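Okay, data18.cif is below, mmCIF, C-alpha atoms:
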data_protein
loop_
_atom_site.group_PDB
_atom_site.id
_atom_site.type_symbol
_atom_site.label_atom_id
_atom_site.label_comp_id
_atom_site.auth_asym_id
_atom_site.auth_seq_id
_atom_site.Cartn_x
_atom_site.Cartn_y
_atom_site.Cartn_z
ATOM 1 C CA MET A 799 0.000 0.000 0.000
ATOM 2 C CA SER A 800 1.301 3.439 -0.951
ATOM 3 C CA ASP A 801 1.698 6.148 1.648
ATOM 4 C CA PHE A 802 1.317 8.871 -1.000
ATOM 5 C CA ARG A 803 -1.127 11.615 -0.125
ATOM 6 C CA PRO A 804 -2.253 14.075 -2.772
ATOM 7 C CA GLN A 805 -0.719 17.501 -2.210
ATOM 8 C CA THR A 806 -3.210 19.563 -4.218
ATOM 9 C CA PRO A 807 -5.466 20.424 -1.240
ATOM 10 C CA ARG A 808 -2.482 21.818 0.685
ATOM 11 C CA LEU A 809 -1.260 23.711 -2.375
ATOM 12 C CA LEU A 810 -4.670 25.329 -2.781
ATOM 13 C CA ALA A 811 -4.796 26.281 0.903
ATOM 14 C CA ASP A 812 -1.296 27.798 0.651
ATOM 15 C CA ASN A 813 -2.396 29.695 -2.467
ATOM 16 C CA ALA A 814 -5.375 31.156 -0.616
ATOM 17 C CA VAL A 815 -2.991 32.568 2.012
ATOM 18 C CA TYR A 816 -0.691 33.913 -0.715
ATOM 19 C CA ALA A 817 -3.565 35.532 -2.624
ATOM 20 C CA GLN A 818 -4.716 37.492 0.442
ATOM 21 C CA ALA A 819 -1.576 39.638 0.312
ATOM 22 C CA PHE A 820 -1.116 39.565 -3.468
ATOM 23 C CA ASP A 821 -0.524 42.849 -5.283
ATOM 24 C CA ALA A 822 -0.267 42.429 -9.055
ATOM 25 C CA ALA A 823 0.167 46.159 -9.627
ATOM 26 C CA GLY A 824 3.905 46.070 -8.914
ATOM 27 C CA LEU A 825 4.806 43.212 -11.249
ATOM 28 C CA PRO A 826 5.476 44.046 -14.891
ATOM 29 C CA ALA A 827 5.183 41.241 -17.478
ATOM 30 C CA PRO A 828 8.678 41.837 -18.869
ATOM 31 C CA PRO A 829 11.276 40.772 -16.299
ATOM 32 C CA SER A 830 12.728 43.874 -14.677
ATOM 33 C CA ARG A 831 16.327 42.591 -14.691
ATOM 34 C CA ARG A 832 16.054 41.478 -18.341
ATOM 35 C CA ILE A 833 17.411 38.020 -17.479
ATOM 36 C CA ALA A 834 16.254 34.566 -18.541
ATOM 37 C CA VAL A 835 17.467 31.586 -16.524
ATOM 38 C CA VAL A 836 17.491 27.989 -17.733
ATOM 39 C CA ALA A 837 17.908 25.548 -14.858
ATOM 40 C CA CYS A 838 17.374 21.965 -13.841
ATOM 41 C CA MET A 839 14.059 21.101 -12.215
ATOM 42 C CA ASP A 840 15.798 19.444 -9.244
ATOM 43 C CA ALA A 841 13.825 20.218 -6.078
ATOM 44 C CA ARG A 842 17.065 20.857 -4.149
ATOM 45 C CA MET A 843 17.601 24.021 -6.191
ATOM 46 C CA ASP A 844 15.694 27.163 -5.241
ATOM 47 C CA VAL A 845 16.756 29.134 -8.297
ATOM 48 C CA TYR A 846 15.332 32.414 -7.014
ATOM 49 C CA ARG A 847 17.284 32.197 -3.752
ATOM 50 C CA ILE A 848 20.453 30.841 -5.397
ATOM 51 C CA LEU A 849 20.560 33.850 -7.739
ATOM 52 C CA GLY A 850 19.034 36.420 -5.378
ATOM 53 C CA LEU A 851 16.045 36.990 -7.660
ATOM 54 C CA GLY A 852 12.719 38.429 -6.626
ATOM 55 C CA ASP A 853 9.267 38.199 -8.169
ATOM 56 C CA GLY A 854 9.078 39.768 -11.597
ATOM 57 C CA GLU A 855 12.849 40.024 -12.072
ATOM 58 C CA ALA A 856 13.591 37.114 -14.433
ATOM 59 C CA HIS A 857 12.098 34.406 -16.597
ATOM 60 C CA VAL A 858 12.983 31.019 -15.138
ATOM 61 C CA ILE A 859 12.702 28.009 -17.436
ATOM 62 C CA ARG A 860 13.200 24.618 -15.817
ATOM 63 C CA ASN A 861 13.347 21.043 -17.035
ATOM 64 C CA ALA A 862 15.196 17.803 -16.298
ATOM 65 C CA GLY A 863 18.902 18.624 -16.469
ATOM 66 C CA GLY A 864 18.395 22.234 -17.554
ATOM 67 C CA VAL A 865 18.570 20.853 -21.086
ATOM 68 C CA VAL A 866 18.525 23.325 -23.978
ATOM 69 C CA SER A 867 15.756 21.607 -25.906
ATOM 70 C CA ASP A 868 13.735 23.011 -28.807
ATOM 71 C CA ASP A 869 11.112 24.093 -26.283
ATOM 72 C CA VAL A 870 13.701 25.997 -24.237
ATOM 73 C CA ILE A 871 14.844 27.788 -27.391
ATOM 74 C CA ARG A 872 11.181 28.578 -28.165
ATOM 75 C CA SER A 873 10.714 30.054 -24.695
ATOM 76 C CA LEU A 874 13.946 32.052 -24.883
ATOM 77 C CA CYS A 875 12.993 33.342 -28.326
ATOM 78 C CA LEU A 876 9.706 34.693 -26.936
ATOM 79 C CA SER A 877 11.486 36.002 -23.835
ATOM 80 C CA GLN A 878 14.039 37.933 -25.885
ATOM 81 C CA ARG A 879 11.982 39.046 -28.877
ATOM 82 C CA LEU A 880 8.720 39.924 -27.132
ATOM 83 C CA LEU A 881 9.596 40.560 -23.491
ATOM 84 C CA GLY A 882 12.996 42.223 -23.622
ATOM 85 C CA THR A 883 15.417 39.849 -21.925
ATOM 86 C CA ARG A 884 19.018 40.380 -22.950
ATOM 87 C CA GLU A 885 20.989 37.932 -20.804
ATOM 88 C CA VAL A 886 20.765 34.145 -20.450
ATOM 89 C CA VAL A 887 22.053 32.293 -17.400
ATOM 90 C CA LEU A 888 22.269 28.495 -17.447
ATOM 91 C CA VAL A 889 22.364 26.655 -14.121
ATOM 92 C CA HIS A 890 23.208 22.967 -14.062
ATOM 93 C CA HIS A 891 24.252 21.209 -10.864
ATOM 94 C CA THR A 892 26.339 18.467 -9.326
ATOM 95 C CA LYS A 893 24.788 15.102 -8.501
ATOM 96 C CA CYS A 894 22.147 15.557 -11.201
ATOM 97 C CA GLY A 895 19.900 12.603 -11.914
ATOM 98 C CA MET A 896 20.571 13.085 -15.637
ATOM 99 C CA GLN A 897 24.161 11.957 -14.978
ATOM 100 C CA MET A 898 22.940 8.531 -13.886
ATOM 101 C CA ILE A 899 20.618 7.665 -16.777
ATOM 102 C CA ASP A 900 21.454 5.132 -19.457
ATOM 103 C CA GLU A 901 19.633 7.018 -22.216
ATOM 104 C CA GLN A 902 19.220 4.150 -24.664
ATOM 105 C CA GLY A 903 18.214 1.760 -21.884
ATOM 106 C CA PHE A 904 15.611 4.216 -20.582
ATOM 107 C CA LEU A 905 14.137 4.780 -24.046
ATOM 108 C CA ALA A 906 14.039 1.017 -24.670
ATOM 109 C CA GLU A 907 12.296 0.519 -21.313
ATOM 110 C CA LEU A 908 9.652 3.103 -22.213
ATOM 111 C CA GLU A 909 9.115 1.479 -25.599
ATOM 112 C CA ALA A 910 8.801 -1.986 -24.046
ATOM 113 C CA GLU A 911 6.266 -0.714 -21.506
ATOM 114 C CA THR A 912 4.162 1.470 -23.796
ATOM 115 C CA GLY A 913 4.769 0.082 -27.281
ATOM 116 C CA VAL A 914 5.943 3.511 -28.445
ATOM 117 C CA ARG A 915 9.465 4.907 -28.556
ATOM 118 C CA PRO A 916 9.486 8.605 -27.606
ATOM 119 C CA ASP A 917 10.371 11.037 -30.387
ATOM 120 C CA TRP A 918 12.302 13.165 -27.882
ATOM 121 C CA ALA A 919 15.829 12.682 -26.601
ATOM 122 C CA VAL A 920 16.497 12.301 -22.893
ATOM 123 C CA GLN A 921 19.792 14.202 -23.299
ATOM 124 C CA ALA A 922 21.568 12.510 -20.402
ATOM 125 C CA PHE A 923 25.135 13.585 -19.661
ATOM 126 C CA THR A 924 28.065 12.566 -17.492
ATOM 127 C CA ASP A 925 29.667 15.892 -16.560
ATOM 128 C CA PRO A 926 27.552 18.977 -15.750
ATOM 129 C CA HIS A 927 30.488 21.318 -16.496
ATOM 130 C CA VAL A 928 30.882 19.941 -20.023
ATOM 131 C CA ASP A 929 27.135 19.823 -20.579
ATOM 132 C CA VAL A 930 26.566 23.443 -19.564
ATOM 133 C CA VAL A 931 29.233 24.555 -22.066
ATOM 134 C CA GLU A 932 27.575 22.459 -24.796
ATOM 135 C CA SER A 933 24.216 23.996 -23.856
ATOM 136 C CA MET A 934 25.687 27.479 -24.150
ATOM 137 C CA GLN A 935 27.049 26.629 -27.595
ATOM 138 C CA ARG A 936 23.610 25.338 -28.657
ATOM 139 C CA LEU A 937 22.088 28.688 -27.683
ATOM 140 C CA GLN A 938 24.863 30.595 -29.427
ATOM 141 C CA ALA A 939 24.181 28.683 -32.658
ATOM 142 C CA SER A 940 20.429 29.306 -32.661
ATOM 143 C CA PRO A 941 19.286 31.658 -35.413
ATOM 144 C CA PHE A 942 16.153 32.466 -33.388
ATOM 145 C CA LEU A 943 17.897 34.159 -30.473
ATOM 146 C CA PRO A 944 18.943 37.715 -31.271
ATOM 147 C CA HIS A 945 20.817 38.273 -27.995
ATOM 148 C CA THR A 946 23.502 35.633 -27.616
ATOM 149 C CA ASP A 947 26.290 37.967 -26.557
ATOM 150 C CA ARG A 948 25.509 37.575 -22.855
ATOM 151 C CA ILE A 949 25.244 33.854 -22.122
ATOM 152 C CA ARG A 950 26.779 32.593 -18.893
ATOM 153 C CA GLY A 951 26.852 29.014 -17.666
ATOM 154 C CA PHE A 952 27.218 27.824 -14.094
ATOM 155 C CA VAL A 953 27.260 24.594 -12.145
ATOM 156 C CA TYR A 954 25.579 24.791 -8.753
ATOM 157 C CA ASP A 955 27.315 22.608 -6.181
ATOM 158 C CA ILE A 956 24.666 20.722 -4.233
ATOM 159 C CA ASP A 957 27.106 20.233 -1.335
ATOM 160 C CA ASP A 958 28.292 23.807 -0.753
ATOM 161 C CA GLY A 959 25.541 25.962 -2.321
ATOM 162 C CA ARG A 960 27.936 27.875 -4.576
ATOM 163 C CA LEU A 961 27.821 28.582 -8.292
ATOM 164 C CA TYR A 962 30.926 27.746 -10.311
ATOM 165 C CA GLU A 963 31.230 29.370 -13.702
ATOM 166 C CA ALA A 964 31.722 26.913 -16.539
ATOM 167 C CA ALA A 965 32.610 29.383 -19.274
ATOM 168 C CA VAL A 966 31.573 32.581 -20.968
ATOM 169 C CA VAL A 967 30.377 32.354 -24.546
ATOM 170 C CA SER A 968 30.451 35.612 -26.467
ATOM 171 C CA SER A 969 29.739 36.427 -30.064
#
How does the structure come out when it is put into structure tokens?
Amino acid sequence: MSDFRPQTPRLLADNAVYAQAFDAAGLPAPPSRRIAVVACMDARMDVYRILGLGDGEAHVIRNAGGVVSDDVIRSLCLSQRLLGTREVVLVHHTKCGMQMIDEQGFLAELEAETGVRPDWAVQAFTDPHVDVVESMQRLQASPFLPHTDRIRGFVYDIDDGRLYEAAVVSS
């Protein structure tokens, strides 16, 4: 028997408390610091606290591994072209689950279970420092992103809470 308890009721109760003090008037749609962040979805990473960001200051795009997928490029394209961001910060981290995945084995397992092989890549990696540099290069090469002159990549160390710069890519 599972000990899982749905969290939605608690989330809704917490939202009711949040909404009581909510003031939308002070939050512009374009991020005030003109920054877009791409980060891993790992629950150990509070991206806003790690980077000292407040509400309305940045776009934060998260997925497994902080992978620069087509959807991330789509989001960054909208962020830059329509909402004025000019800087991209990538945040990968140590001890990422994506470092432990056998990509072909995982895809084969999904296909065996469902009868369908996903048309998307898992994009597993072994070294977050190397992967963040490759992700930066992928952004730099995109014809859809007009502002690729300010891309910075970092690896967040899960053990000490610090960001370590991987490299700076400039055009």
Residues returned when the PyMOL selection byres ((chain A and resi 833) around 7) runs on this file, as a PyMOL selection string
chain A and resi 829+831-832+834-835+856-857+883-886
Report the residues retrieved by the PyMOL selection byres ((chain A and resi 951) around 7) from the displayed file, expressed as a list in words.
Val887, Leu888, Val889, Val930, Val931, Met934, Ile949, Arg950, Phe952, Glu963, Ala964, Ala965 and Val966 of chain A
Of A:Cys875, A:Leu825, A:Ala939, A:Asp917, the one nearest to A:Glu855 when counting only C-alpha atoms is A:Leu825
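Atom to atom, atom CA of A:Ser940 and atom CA of A:Val953 stand 22.1 Å apart.
Using all atoms listed in the file for every distance, the candidate list A:Phe942, A:Glu901, A:Gln921, A:Arg808 yields A:Phe942 as the residue closest to A:Ser873.
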At a cut-off of 6 Å around the point (20.9, 18.8, -10.2) (file coordinates), what residues fall inside when counting all atoms listed in the file? I'd like the answer as a PyMOL selection string.
chain A and resi 838+840+891-894
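Near A:Met896, within 12 Å and counting all atoms listed in the file, sit Cys838, Met839, Asp840, Asn861, Ala862, Gly863, Gly864, Val865, His890, His891, Glu901, Phe904, Ala919, Val920, Gln921, Ala922, Phe923, Thr924, Asp925, Pro926 and Asp929 of chain A; same-chain residues fewer than 5 positions away were not included.
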By how many Å are atom CA of A:Val866 and atom CA of A:Thr946 apart?
13.8 Å
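Our summary of the geometry notes that atom CA of A:His927 is positioned 23.7 Å from atom CA of A:Gly903.
This file gives the following result for the PyMOL selection byres ((chain A and resi 956) around 9): Arg842, Met843, His891, Thr892, Lys893, Tyr954, Asp955, Asp957, Asp958, Gly959 and Arg960 of chain A.
With distances restricted to all atoms listed in the file, A:Gln897 is the closest residue to A:Val928 from A:Leu810, A:Gln897, A:Gly913, A:Asp869.
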Using all atoms listed in the file, the residue out of A:Met898, A:Leu937, A:Leu851, A:Val914 with shortest distance to A:Leu874 is A:Leu937
Please determine, counting only C-alpha atoms, which residue among A:Glu907, A:Asp868, A:Asp844, A:Asp821 has the shortest atom-to-atom distance to A:Ser933.
A:Asp868
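Of the residues listed (A:Val815, A:Ala827, A:Asp900, A:Glu909), A:Ala827 shows the shortest atom-to-atom separation from A:Ser877; distances use all atoms listed in the file.
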Could you give me stretch 904-919 of chain A completed to N, CA and C atoms, formatted as a PDB file, keeping the file's coordinate frame?
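In the end it all went to selection14.pdb:
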ATOM      1  N   PHE A 904      16.847   3.578 -21.036  1.00  0.00           N
ATOM      2  CA  PHE A 904      15.611   4.216 -20.582  1.00  0.00           C
ATOM      3  C   PHE A 904      14.588   4.291 -21.716  1.00  0.00           C
ATOM      4  N   LEU A 905      15.047   4.700 -22.900  1.00  0.00           N
ATOM      5  CA  LEU A 905      14.137   4.780 -24.046  1.00  0.00           C
ATOM      6  C   LEU A 905      13.606   3.394 -24.428  1.00  0.00           C
ATOM      7  N   ALA A 906      14.467   2.386 -24.370  1.00  0.00           N
ATOM      8  CA  ALA A 906      14.039   1.017 -24.670  1.00  0.00           C
ATOM      9  C   ALA A 906      13.018   0.534 -23.638  1.00  0.00           C
ATOM     10  N   GLU A 907      13.232   0.890 -22.380  1.00  0.00           N
ATOM     11  CA  GLU A 907      12.296   0.519 -21.313  1.00  0.00           C
ATOM     12  C   GLU A 907      10.918   1.157 -21.545  1.00  0.00           C
ATOM     13  N   LEU A 908      10.922   2.433 -21.923  1.00  0.00           N
ATOM     14  CA  LEU A 908       9.652   3.103 -22.213  1.00  0.00           C
ATOM     15  C   LEU A 908       8.939   2.444 -23.393  1.00  0.00           C
ATOM     16  N   GLU A 909       9.707   2.111 -24.421  1.00  0.00           N
ATOM     17  CA  GLU A 909       9.115   1.479 -25.599  1.00  0.00           C
ATOM     18  C   GLU A 909       8.550   0.103 -25.252  1.00  0.00           C
ATOM     19  N   ALA A 910       9.280  -0.655 -24.441  1.00  0.00           N
ATOM     20  CA  ALA A 910       8.801  -1.986 -24.046  1.00  0.00           C
ATOM     21  C   ALA A 910       7.520  -1.889 -23.227  1.00  0.00           C
ATOM     22  N   GLU A 911       7.439  -0.877 -22.378  1.00  0.00           N
ATOM     23  CA  GLU A 911       6.266  -0.714 -21.506  1.00  0.00           C
ATOM     24  C   GLU A 911       5.048  -0.164 -22.243  1.00  0.00           C
ATOM     25  N   THR A 912       5.285   0.771 -23.162  1.00  0.00           N
ATOM     26  CA  THR A 912       4.162   1.470 -23.796  1.00  0.00           C
ATOM     27  C   THR A 912       3.899   1.063 -25.241  1.00  0.00           C
ATOM     28  N   GLY A 913       4.895   0.429 -25.869  1.00  0.00           N
ATOM     29  CA  GLY A 913       4.769   0.082 -27.281  1.00  0.00           C
ATOM     30  C   GLY A 913       5.146   1.222 -28.213  1.00  0.00           C
ATOM     31  N   VAL A 914       5.574   2.342 -27.650  1.00  0.00           N
ATOM     32  CA  VAL A 914       5.943   3.511 -28.445  1.00  0.00           C
ATOM     33  C   VAL A 914       7.294   4.030 -27.957  1.00  0.00           C
ATOM     34  N   ARG A 915       8.184   4.297 -28.918  1.00  0.00           N
ATOM     35  CA  ARG A 915       9.465   4.907 -28.556  1.00  0.00           C
ATOM     36  C   ARG A 915       9.284   6.421 -28.634  1.00  0.00           C
ATOM     37  N   PRO A 916       9.657   7.146 -27.587  1.00  0.00           N
ATOM     38  CA  PRO A 916       9.486   8.605 -27.606  1.00  0.00           C
ATOM     39  C   PRO A 916      10.237   9.229 -28.785  1.00  0.00           C
ATOM     40  N   ASP A 917       9.685  10.332 -29.311  1.00  0.00           N
ATOM     41  CA  ASP A 917      10.371  11.037 -30.387  1.00  0.00           C
ATOM     42  C   ASP A 917      11.293  12.123 -29.835  1.00  0.00           C
ATOM     43  N   TRP A 918      11.419  12.188 -28.512  1.00  0.00           N
ATOM     44  CA  TRP A 918      12.302  13.165 -27.882  1.00  0.00           C
ATOM     45  C   TRP A 918      13.508  12.451 -27.287  1.00  0.00           C
ATOM     46  N   ALA A 919      14.597  13.206 -27.200  1.00  0.00           N
ATOM     47  CA  ALA A 919      15.829  12.682 -26.601  1.00  0.00           C
ATOM     48  C   ALA A 919      15.825  12.991 -25.111  1.00  0.00           C
TER      49      ALA A 919
END
